[in-house]
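Written below as structure tokens is the structure these notes are about.
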Amino acid sequence: MRADRLVSLVLLLRRRGRLSAATLARELEVSTRTVLRDIEALSAAGVPVYAERGRHGGFALLPGFRTELTGLNHDEALALLIAGSRRGAQAFGLGSALASAMLKVVDALPEGQRDIAAGAARRLLVDPETDLLSRRPAAEEVPDAVVAEVRRAVFAGHRLRLHYAAVDQAPKWRTVDPIGLVTVRGQGYLLATRSGEDRTYRLSRIRAAEELAEPAQRPDRVDLDRAWQERSTRFRTGGDQVTVLLRVDPARREDLVATALAVRAEEADSDGRLLMEVTFQDPRHAEWALWQLAANAEALSPQWLRDSLHDRAAAIAARYEAPSEDRRR
């Protein structure tokens, strides 16, 4: 649910009065089902949208509806509108609340600047859903009820029961002391402790959550940025990590670095490529990353990785060796 789309919906209703779901869907370039879902989100956020039945029915705002917010100039309002297009609020289940806040920002502007700011915001796109290669970010859906319960426990400083599904494991109930919430590239995480030990839980793997009445055992102050950096370091240095010596085309260096845990060494090779020593989380991660680079990279060691990539390439070559017409016979 994009907060900027919800704001656009309200502005349409404000400018043009009652509109049908089909008209709103056409104007916003979404499905009718999406419009109905957005209307529900706006109602939940306190925006007075009501439905009128009948042949000429549709959706409308209560007459005279306006929000109140003062003290913002044009650039401040524009900055908030652009910030509102980022995905952090979506990851924490605050999409409808963000839409309501953005609407107040728009309403705070003088009449003459309102359309100018909204138009300026449409000229800037932050974190689109796909990049130039049509790759979608790894944003994850988390049920609003789950993330709302987690959020309440974090803010209230209460303990939290989680029905959590770790990787390759059946969901289990566990009680944790929540510390804070972090979002990275559209993925949300809960930082917590359990029996005094640091734990990091992916929000999308929480099947159910229950805020408890007892207070969480946690410090009064926390540096979330430092805590995240420390846990990231432990993650990169733990597990069945694999260090790979490889030669890579400089044009694909950033693709490699984006998926690797760490680059230990790097220098220019005599053939114009880069000679790099790179760490991956485990053997499967290493094989997957090198396979994505195809002929633009060559693993020099360890030998088992070379053998694995060779076998995979040979199997693909054998599959496509015969013309497709022969496969149909």
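The chains in the structure tokens are called A, B, ... from first to last as shown; in each chain the residues are counted from 1, and the ligands are counted from 1 in the order shown.
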Review point. If you run DSSP on this backbone, which residues of range 165-279 of chain A come out as strand (DSSP E or B), and could you give them as a PyMOL selection string?
Key: chain A and resi 172-184+187-194+197-202+206-215+242-248+262-268+274-279
Exercise for review: Identify, on the basis of only C-alpha atoms, every residue whose closest approach to Gln169 in chain A does not exceed 12 Å; exclude the query and any residue fewer than 5 positions from it along the same chain; express the result as number ranges by chain.
Suggested key: A: 163-164, 205
**Study point:** Long-range neighbours of Ser31 in chain A as a PyMOL selection string, 10 Å cut-off, only C-alpha atoms, 6 positions minimum in chain
**Key:** chain A and resi 21-22+24-25+37
Got time to write the residues from that selection, all heavy atoms, as a PDB file, in the first residue's frame?
```pdb
ATOM      1  N   ALA A  21     -15.703   3.899  -7.952  1.00  0.00           N
ATOM      2  CA  ALA A  21     -14.483   3.107  -7.783  1.00  0.00           C
ATOM      3  C   ALA A  21     -13.791   2.903  -9.120  1.00  0.00           C
ATOM      4  O   ALA A  21     -12.555   2.932  -9.203  1.00  0.00           O
ATOM      5  CB  ALA A  21     -14.811   1.761  -7.135  1.00  0.00           C
ATOM      6  N   ALA A  22     -14.583   2.719 -10.177  1.00  0.00           N
ATOM      7  CA  ALA A  22     -14.001   2.520 -11.508  1.00  0.00           C
ATOM      8  C   ALA A  22     -13.257   3.764 -11.968  1.00  0.00           C
ATOM      9  O   ALA A  22     -12.162   3.673 -12.544  1.00  0.00           O
ATOM     10  CB  ALA A  22     -15.090   2.145 -12.508  1.00  0.00           C
ATOM     11  N   LEU A  24     -11.936   6.148 -10.026  1.00  0.00           N
ATOM     12  CA  LEU A  24     -10.742   6.281  -9.198  1.00  0.00           C
ATOM     13  C   LEU A  24      -9.653   5.316  -9.664  1.00  0.00           C
ATOM     14  O   LEU A  24      -8.474   5.671  -9.724  1.00  0.00           O
ATOM     15  CB  LEU A  24     -11.094   6.019  -7.731  1.00  0.00           C
ATOM     16  CG  LEU A  24     -11.909   7.115  -7.036  1.00  0.00           C
ATOM     17  CD1 LEU A  24     -12.430   6.612  -5.693  1.00  0.00           C
ATOM     18  CD2 LEU A  24     -11.067   8.373  -6.849  1.00  0.00           C
ATOM     19  N   ALA A  25     -10.061   4.091  -9.993  1.00  0.00           N
ATOM     20  CA  ALA A  25      -9.093   3.100 -10.457  1.00  0.00           C
ATOM     21  C   ALA A  25      -8.431   3.562 -11.748  1.00  0.00           C
ATOM     22  O   ALA A  25      -7.210   3.405 -11.927  1.00  0.00           O
ATOM     23  CB  ALA A  25      -9.785   1.749 -10.667  1.00  0.00           C
ATOM     24  N   ARG A  37      -9.595  -1.362  -1.304  1.00  0.00           N
ATOM     25  CA  ARG A  37      -8.695  -1.595  -0.174  1.00  0.00           C
ATOM     26  C   ARG A  37      -8.129  -0.279   0.351  1.00  0.00           C
ATOM     27  O   ARG A  37      -7.999  -0.082   1.569  1.00  0.00           O
ATOM     28  CB  ARG A  37      -7.574  -2.535  -0.612  1.00  0.00           C
ATOM     29  CG  ARG A  37      -6.683  -3.008   0.538  1.00  0.00           C
ATOM     30  CD  ARG A  37      -5.820  -4.182   0.142  1.00  0.00           C
ATOM     31  NE  ARG A  37      -4.948  -3.836  -0.989  1.00  0.00           N
ATOM     32  CZ  ARG A  37      -5.011  -4.438  -2.184  1.00  0.00           C
ATOM     33  NH1 ARG A  37      -5.890  -5.380  -2.405  1.00  0.00           N
ATOM     34  NH2 ARG A  37      -4.176  -4.099  -3.147  1.00  0.00           N
TER      35      ARG A  37
END
```
Check your understanding: Which is closest to Asp311 in chain A among A:Ala44, A:Trp291, A:Phe235, A:Ala297, if we use only C-alpha atoms?
Key -> A:Trp291
Exercise for review: Tell me which protein, DNA and RNA residues are within 8 Å of range 214-218 of chain A, counting only C-alpha atoms, leaving out same-chain ones fewer than 2 positions away, and put them as a VMD selection string.
Suggested key: chain A and resid 157 to 159 176 to 179 212 220
Study note, to complete from the structure: Val222 in chain A proximity check over A:Arg199, A:Thr175, A:Leu246, A:Ala192, using only C-alpha atoms: winner is A:Ala192
Review point. Hey, which of A:Ala268, A:Ala258, A:Ala295, A:Val35 ends up closest to Leu19 in chain A? Count only C-alpha atoms.
Key: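 Under the stated criterion, the closest residue is A:Val35.
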Exercise for review: Have a look at A:Arg202, A:Arg252, A:Arg53, A:Lys172 and name the one nearest to Val150 in chain A; count only C-alpha atoms.
Suggested key: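 Smallest distance to Val150 in chain A is found for A:Arg202.
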